[in-house]
Amino acid sequence: MPYKHQVIPLKAHEGSETAEQALKRIVDGFKHFRNEVFPQQEELFKKLATAQNPRAMFITCADSRVVPELITQSSPGDLFVNRNVGNVVPPYGQMMGGVSTAIEYAVMALDVQHIVICGHSDCGAMKAVLNPQSLETMPTVKAWLRHAEVARTVVAENCTCSTDQETLEVLTEENVVAQLDHLRTHPSVASRLASGQLFIHGWVYDIETSQIKAYDAELGSFLPLDGEKVPMATPRARYPQG
Ligand code: ZN
């Protein structure tokens with residue numbers, strides 16, 4: 001039986017929620033999961049108790065409005081997820097941190113065949129990249145987002161964007177392209193791309209409309225993911241395996 005998400009209907013809280021109410025909502029959610037959802041999916045969780053075999057790694061922003069399992073209708077065990085501010089992938093060697101570790105583990109230990117990097121509309125990190133003075137009191141975020149600096153430069157020097165909104169949208173796409181480039185500097189990724197055993201994807205998810213646009217490396221542009229063919233960001237394999 002396919003896994004069913006039984007989430008309590010989503011409602012943006014208006015900021016009037018007290019800390020106590022917020023915690024209660026989370027704990028109530030857990031109780032609902034434990035008592036109502038889990039018993040219906042016991043088989044699945046039993047299977048997952050001792051092994052995982054995710055079909056893809058999914059790198060996206062920490063933003064609360066982007067829910068990888070929801071937008072891909074995935075079950076527990078399906079996606080190996082890494083979330084961070086700005087869906088950033090530091091280039092190999094600069095930072096032996098969480099993202100790099102997760103990539104290496106996903107590729108080498110879990111043998112994932114796909115890595116998706118997914119940006120999104122209205123991204124606070126992208127807005128901050130365009131407005132660096134907003135980060136003066138956040139030195140850690142500022143340092144982290146230098147990995148997105150390349151996208152800002154590409155946009156500043158190439159885009160004839162006419163509005164702030166357009167600049168933000170183009171930057172969000174360029175950031176995904178930049179992070180795909182960084183992803184390819186990781187030896188585990190580079191090697192499996194060369195042998196045709198790994199496929200990489202760059203997506204941008206629109207919160208308001210649910211549309212996803214995917215990067216087509218051959219065309220150099222983003223196309224709807226639900227179009228006729230799935231746009232691919234994977235370079236040609238140089239050592240294809242039989
Ligand atoms: Zn974001």
# chains A, B, ... in the order shown; residues from 1 in each chain; ligands from 1
$ residues_around --residues "region 56-61 of chain A" --least-positions-apart "5" --cutoff "6 Å" --atoms "only C-alpha atoms" --output "ChimeraX atom specification"
/A:79-87,112,114-118
$ select_by_dssp --residues "region 117-192 of chain A" --states "strand (DSSP E or B)" --output "list in words"
Ile117, Cys118, Gly119 and His120 of chain A
$ write_last_selection --atoms "C-alpha atoms" --output "PDB file, in the first residue's frame"
ATOM      1  CA  ILE A 117      19.144  20.352  -5.874  1.00  0.00           C
ATOM      2  CA  CYS A 118      15.910  22.260  -5.360  1.00  0.00           C
ATOM      3  CA  GLY A 119      15.616  26.019  -4.864  1.00  0.00           C
ATOM      4  CA  HIS A 120      12.310  27.782  -4.337  1.00  0.00           C
TER       5      HIS A 120
END
$ closest_residue --among "A:Val107, A:Cys123, A:Val88, A:Val66" --to "ligand 1" --atoms "only C-alpha atoms and all ligand atoms"
A:Cys123
$ residues_around --residues "region 217-231 of chain A" --least-positions-apart "3" --cutoff "12 Å" --atoms "only C-alpha atoms" --output "ChimeraX atom specification"
/A:72,169-170,172-174,176-177,180-181,199-206,210-214,234-236
$ closest_residue --among "A:Met96, A:Glu104, A:Pro76, A:Pro68" --to "Phe38 (chain A)" --atoms "only C-alpha atoms"
A:Pro76
$ atom_distance --atom1 "CA of Asp78 (chain A)" --atom2 "CA of Asn53 (chain A)"
7.1 Å
$ atom_distance --atom1 "CA of Asn158 (chain A)" --atom2 "CA of Ala178 (chain A)"
14.5 Å
$ select_by_dssp --residues "region 22-217 of chain A" --states "alpha helix (DSSP H)" --output "PyMOL selection string"
chain A and resi 22-32+38-40+42-48+68-71+98-108+124-130+139-144+149-158+164-183+187-194
